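Dumped entry-v4.cif below, it's mmCIF, C-alpha atoms and all ligand atoms:
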data_coords
#
loop_
_atom_site.label_atom_id
_atom_site.label_comp_id
_atom_site.auth_asym_id
_atom_site.auth_seq_id
_atom_site.Cartn_x
_atom_site.Cartn_y
_atom_site.Cartn_z
CA MET A 17 148.67 103.03 98.09
CA LYS A 18 146.06 102.05 95.49
CA LYS A 19 142.47 102.34 96.73
CA ILE A 20 139.67 99.83 96.16
CA VAL A 21 135.95 100.29 96.77
CA LEU A 22 133.64 97.28 96.93
CA PHE A 23 129.92 97.07 96.12
CA ALA A 24 127.94 94.07 97.40
CA SER A 25 124.26 93.33 98.01
CA GLY A 26 124.23 90.31 100.30
CA ASN A 27 126.50 87.65 101.68
CA GLY A 28 129.82 89.22 100.74
CA SER A 29 132.13 86.21 100.68
CA ASN A 30 133.98 87.74 97.72
CA ALA A 31 134.17 91.09 99.49
CA GLU A 32 135.62 89.42 102.59
CA ASN A 33 138.13 87.46 100.54
CA ILE A 34 139.28 90.67 98.85
CA MET A 35 139.52 92.57 102.16
CA ALA A 36 141.53 89.69 103.67
CA HIS A 37 143.84 89.54 100.66
CA PHE A 38 144.67 93.24 100.70
CA GLU A 39 144.96 93.49 104.48
CA LYS A 40 147.55 90.73 104.35
CA SER A 41 149.42 91.63 101.18
CA GLY A 42 149.40 95.41 101.42
CA GLN A 43 149.12 95.51 97.60
CA GLY A 44 146.26 97.98 97.95
CA THR A 45 143.71 99.07 100.50
CA VAL A 46 139.94 98.64 100.62
CA VAL A 47 138.60 102.09 101.57
CA GLY A 48 134.87 101.41 101.55
CA VAL A 49 132.16 98.81 101.21
CA PHE A 50 128.95 100.07 99.59
CA THR A 51 125.69 98.17 99.88
CA ASN A 52 122.06 98.72 98.94
CA ASN A 53 120.93 96.30 101.66
CA SER A 54 121.04 97.38 105.30
CA HIS A 55 120.74 93.71 106.41
CA ALA A 56 123.51 92.42 104.17
CA LYS A 57 126.04 90.15 105.83
CA VAL A 58 128.78 92.06 104.01
CA ILE A 59 128.34 94.86 106.57
CA GLU A 60 129.51 92.64 109.45
CA ARG A 61 132.33 91.36 107.30
CA ALA A 62 133.53 94.90 106.56
CA LYS A 63 133.45 95.80 110.27
CA LYS A 64 135.79 92.89 110.99
CA PHE A 65 138.35 94.57 108.73
CA GLN A 66 137.56 98.09 110.00
CA VAL A 67 136.48 99.10 106.51
CA PRO A 68 133.84 101.88 106.48
CA THR A 69 130.43 100.87 105.13
CA TYR A 70 128.03 103.01 103.09
CA VAL A 71 124.39 101.91 102.93
CA PHE A 72 122.33 103.58 100.22
CA ASN A 73 118.94 103.26 98.59
CA LYS A 74 118.04 103.26 94.89
CA THR A 75 117.43 107.02 94.87
CA GLU A 76 120.84 107.71 96.36
CA LEU A 77 122.41 105.47 93.74
CA SER A 78 120.74 107.31 90.89
CA ASP A 79 121.11 110.86 92.23
CA ASP A 80 124.55 112.23 93.19
CA THR A 81 124.77 110.83 96.74
CA VAL A 82 126.76 107.66 96.00
CA LEU A 83 128.74 109.48 93.28
CA ASN A 84 129.76 112.19 95.78
CA ASN A 85 130.82 109.56 98.33
CA LEU A 86 132.94 107.87 95.69
CA GLN A 87 134.48 111.14 94.53
CA GLU A 88 135.58 111.84 98.10
CA LEU A 89 137.19 108.40 98.34
CA GLN A 90 138.92 108.68 94.93
CA PRO A 91 139.18 104.92 94.30
CA ASP A 92 141.57 103.47 91.74
CA LEU A 93 139.15 100.58 91.22
CA ILE A 94 135.45 100.04 91.95
CA VAL A 95 134.71 96.33 92.31
CA LEU A 96 131.20 94.91 92.08
CA ALA A 97 131.34 91.67 94.07
CA GLY A 98 127.84 90.26 94.21
CA PHE A 99 126.16 93.62 93.55
CA LEU A 100 122.71 93.00 92.17
CA LEU A 101 121.43 96.41 91.05
CA LYS A 102 122.14 97.97 87.70
CA PHE A 103 125.21 100.18 88.10
CA PRO A 104 124.37 103.73 87.00
CA VAL A 105 125.88 105.23 83.88
CA HIS A 106 126.74 108.56 85.52
CA ILE A 107 129.07 106.73 87.94
CA ILE A 108 130.60 104.59 85.17
CA ASN A 109 131.29 107.77 83.21
CA ALA A 110 132.89 109.44 86.23
CA PHE A 111 135.28 106.48 86.63
CA PRO A 112 136.16 105.31 83.11
CA ASN A 113 137.77 101.83 83.01
CA LYS A 114 137.67 101.66 86.78
CA VAL A 115 134.46 99.72 87.40
CA ILE A 116 134.62 95.92 87.20
CA ASN A 117 132.20 93.10 88.00
CA ILE A 118 132.45 89.37 88.64
CA HIS A 119 129.86 87.10 87.08
CA PRO A 120 129.46 83.44 88.11
CA ALA A 121 129.33 82.00 84.56
CA LEU A 122 131.19 82.04 81.28
CA LEU A 123 129.76 85.17 79.66
CA PRO A 124 128.28 85.86 77.17
CA ASN A 125 126.30 82.79 78.25
CA TYR A 126 124.05 82.94 81.31
CA GLY A 127 124.25 86.72 81.67
CA GLY A 128 121.76 89.56 81.62
CA LYS A 129 118.86 90.66 83.78
CA GLY A 130 117.81 88.17 86.45
CA MET A 131 120.95 86.10 85.97
CA TYR A 132 122.60 86.23 89.36
CA GLY A 133 123.61 83.81 92.09
CA MET A 134 121.67 80.53 92.17
CA ASN A 135 119.57 81.50 89.12
CA VAL A 136 122.72 81.17 87.05
CA HIS A 137 123.72 77.80 88.50
CA ASN A 138 120.19 76.42 88.11
CA ALA A 139 120.16 77.46 84.45
CA VAL A 140 123.59 75.90 83.86
CA LEU A 141 122.45 72.64 85.50
CA GLU A 142 119.24 72.54 83.50
CA LYS A 143 121.20 72.87 80.24
CA LYS A 144 123.43 69.95 81.31
CA GLU A 145 126.58 71.98 80.62
CA LYS A 146 129.86 70.09 80.94
CA GLU A 147 131.68 73.16 82.22
CA THR A 148 131.00 76.56 83.68
CA GLY A 149 133.21 79.27 85.13
CA ILE A 150 133.65 82.89 86.14
CA THR A 151 134.02 86.09 84.17
CA VAL A 152 135.53 89.35 85.39
CA HIS A 153 134.62 92.22 83.08
CA TYR A 154 134.45 96.00 82.85
CA VAL A 155 131.01 97.39 83.60
CA ASN A 156 129.11 99.29 80.94
CA GLU A 157 125.50 100.45 80.69
CA HIS A 158 124.21 96.93 79.90
CA PHE A 159 124.04 94.07 82.40
CA ASP A 160 127.05 91.73 82.00
CA GLU A 161 128.21 93.14 78.66
CA GLY A 162 131.43 95.10 79.22
CA GLU A 163 134.83 94.03 77.91
CA PHE A 164 136.15 90.79 79.41
CA ILE A 165 139.20 90.96 81.65
CA PHE A 166 139.47 87.36 82.84
CA GLN A 167 137.73 83.98 82.62
CA ALA A 168 138.38 80.65 84.34
CA ASN A 169 136.60 77.34 83.66
CA VAL A 170 135.69 74.37 85.77
CA ALA A 171 134.32 70.93 84.79
CA ILE A 172 130.90 70.18 86.26
CA GLU A 173 130.15 66.82 84.63
CA ASN A 174 129.93 65.21 88.07
CA CYS A 175 127.66 67.86 89.60
CA THR A 176 124.06 66.81 90.14
CA THR A 177 122.81 69.88 92.03
CA ALA A 178 123.04 73.64 91.57
CA GLU A 179 124.61 73.83 95.06
CA GLU A 180 127.53 71.69 93.93
CA ILE A 181 128.04 74.00 90.96
CA ALA A 182 127.85 77.02 93.27
CA GLN A 183 130.60 75.52 95.42
CA LYS A 184 132.89 75.06 92.41
CA ILE A 185 132.26 78.65 91.33
CA HIS A 186 132.91 79.89 94.86
CA GLU A 187 136.31 78.16 94.84
CA LEU A 188 137.22 79.75 91.50
CA GLU A 189 136.15 83.19 92.74
CA MET A 190 138.16 82.86 95.95
CA GLU A 191 141.26 81.83 94.04
CA HIS A 192 141.20 84.27 91.15
CA PHE A 193 139.32 87.48 91.94
CA PRO A 194 141.91 89.09 94.25
CA LYS A 195 144.70 88.25 91.78
CA VAL A 196 142.80 89.87 88.90
CA ILE A 197 142.32 93.00 91.01
CA VAL A 198 146.05 93.12 91.83
CA ARG A 199 146.87 92.85 88.14
CA LEU A 200 144.54 95.72 87.28
CA LEU A 201 145.90 97.93 90.06
CA GLU A 202 149.43 97.31 88.88
CA GLY A 203 148.29 98.43 85.41
C1 LIG A 301 129.04 85.60 93.46
O1 LIG A 301 129.05 84.27 93.01
C2 LIG A 301 129.07 86.55 92.29
O2 LIG A 301 129.80 86.07 91.19
C3 LIG A 301 127.61 86.65 91.97
O3 LIG A 301 126.95 86.69 93.21
C4 LIG A 301 127.71 85.92 94.15
C5 LIG A 301 127.88 86.76 95.39
O4 LIG A 301 128.41 86.00 96.42
N1 LIG A 301 127.32 87.81 91.17
C6 LIG A 301 126.33 87.83 90.27
O5 LIG A 301 125.57 86.90 90.10
C7 LIG A 301 126.21 89.14 89.49
N2 LIG A 301 125.37 88.97 88.34
P1 LIG A 301 129.06 86.72 97.69
O6 LIG A 301 128.08 87.81 98.14
O7 LIG A 301 129.20 85.64 98.72
O8 LIG A 301 130.38 87.31 97.26
#

Would you mind writing the structure in this file as structure tokens?
Amino acid sequence: MKKIVLFASGNGSNAENIMAHFEKSGQGTVVGVFTNNSHAKVIERAKKFQVPTYVFNKTELSDDTVLNNLQELQPDLIVLAGFLLKFPVHIINAFPNKVINIHPALLPNYGGKGMYGMNVHNAVLEKKEKETGITVHYVNEHFDEGEFIFQANVAIENCTTAEEIAQKIHELEMEHFPKVIVRLLEG
């Protein structure tokens, strides 16, 4: 059985959707949820699926603590699903081509430092974009710059608030992210 590890910093609706997908389909198994936030809602969500949680601080991310945890778990894929810290290079190098991220915009636009969650949707609204979307990409040492794996678009001409855009993005993420993960696991 292929093993997936999730990293999330807050709400965790993507993490929950992925756990639900794999619990039901048996196409893989989520073996751990890692978070840098001990109050993150993703922790409750993981408990619902009996997935072990690992809470760590910035020091443990940059020393070998998180790396050692991951090496014990031996994941086939490490999925950043709403993870807001920079992912460390020593972990990327230990798991080549196995770390992916979802970004709530059509990269290379609206990416980079500070571009996460509602900040992205506010920026998209301000620019009066006609469409936005999601990007799943490999993680490298720069924020939001690794090779693209998947993009999907959505029209937002009728959206007048950033919340409406966020809802459209949420729907795209729910529909596509688990399928992209399945495809990668199947190689
Ligand atoms: C998602 O929209 C994800 O694409 C985004 O944060 C949200 C997390 O929601 N990620 C980024 O902005 C990364 N730069 P969730 O915690 O409910 O899954």

List the spatial neighbours of Ala97 (chain A) as a PyMOL selection string - criterion: any atom at most 12 Å away, only C-alpha atoms, same-chain residues fewer than 4 positions off excluded. chain A and resi 20-35+49-51+58+101+115-120+132-133+151-153+155+186+189-190+193-194+197

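Relative to CA of His55 (chain A), CA of Pro104 (chain A) is found at 22.1 Å.
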
Residues within 12 Å of Ile108 (chain A), only C-alpha atoms, excluding chain neighbours under 3 positions, as a compact mmCIF listing (two decimals) with C-alpha atoms, in the coordinates of the input:
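Saved to result-v8.txt:
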# COMPACT_ATOMS: atom_id res chain seq x y z
CA LEU A 77 122.41 105.47 93.74
CA SER A 78 120.74 107.31 90.89
CA VAL A 82 126.76 107.66 96.00
CA LEU A 83 128.74 109.48 93.28
CA LEU A 86 132.94 107.87 95.69
CA LEU A 93 139.15 100.58 91.22
CA ILE A 94 135.45 100.04 91.95
CA VAL A 95 134.71 96.33 92.31
CA LEU A 96 131.20 94.91 92.08
CA LYS A 102 122.14 97.97 87.70
CA PHE A 103 125.21 100.18 88.10
CA PRO A 104 124.37 103.73 87.00
CA VAL A 105 125.88 105.23 83.88
CA PHE A 111 135.28 106.48 86.63
CA PRO A 112 136.16 105.31 83.11
CA ASN A 113 137.77 101.83 83.01
CA LYS A 114 137.67 101.66 86.78
CA VAL A 115 134.46 99.72 87.40
CA ILE A 116 134.62 95.92 87.20
CA ASN A 117 132.20 93.10 88.00
CA TYR A 154 134.45 96.00 82.85
CA VAL A 155 131.01 97.39 83.60
CA ASN A 156 129.11 99.29 80.94
CA GLU A 157 125.50 100.45 80.69
CA HIS A 158 124.21 96.93 79.90
CA GLY A 162 131.43 95.10 79.22

Could you give me, as a PDB file with C-alpha atoms, in the frame of the given file, the residues that have an atom at most 7 Å away from the point (121.4, 74.0, 90.8) in the coordinates of the file, using all atoms listed in the file?
ATOM      1  CA  MET A 134     121.670  80.530  92.170  1.00  0.00           C
ATOM      2  CA  HIS A 137     123.720  77.800  88.500  1.00  0.00           C
ATOM      3  CA  ASN A 138     120.190  76.420  88.110  1.00  0.00           C
ATOM      4  CA  LEU A 141     122.450  72.640  85.500  1.00  0.00           C
ATOM      5  CA  THR A 177     122.810  69.880  92.030  1.00  0.00           C
ATOM      6  CA  ALA A 178     123.040  73.640  91.570  1.00  0.00           C
ATOM      7  CA  GLU A 179     124.610  73.830  95.060  1.00  0.00           C
ATOM      8  CA  ILE A 181     128.040  74.000  90.960  1.00  0.00           C
TER       9      ILE A 181
END

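If you measure from each of A:Gly149, A:Pro124, A:Gly98, A:Pro68 to Asn53 (chain A) using all atoms listed in the file, the closest one turns out to be A:Gly98.
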
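Considering the residues A:Glu163, A:Glu76, A:Asp92, A:Glu187 and counting all atoms listed in the file, ligand LIG 301 (chain A) has its shortest atom-to-atom contact with A:Glu187.
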
Restricting the calculation to all atoms listed in the file: of A:Ile150, A:Ala168, A:Ile107, A:Val71, which residue gets closest to ligand LIG 301 (chain A)? A:Ile150

Between atom C2 of ligand LIG 301 (chain A) and CA of Val198 (chain A) lies a distance of 18.2 Å

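Across the structure, CA of Val170 (chain A) and CA of Asn125 (chain A) are spaced 14.7 Å apart.
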
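Closest approach to ligand LIG 301 (chain A) among A:Lys63, A:Lys195, A:Lys184, A:Lys74: A:Lys184, based on only C-alpha atoms and all ligand atoms.
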
Pick from A:Ala121, A:Cys175, A:Ala36, A:Val140, whichever lies nearest to ligand LIG 301 (chain A) using all atoms listed in the file: A:Ala121

Using all atoms listed in the file: which of A:Val46, A:Met131, A:Ile165, A:Ala62 has the shortest distance to ligand LIG 301 (chain A): A:Met131

Write out as JSON, numbers by chain each polymer residue whose atoms come within 8 Å of Gly128 (chain A), counting all atoms listed in the file; drop sequence neighbours fewer than 6 positions from it. {"A": [158, 159, 160, 161]}
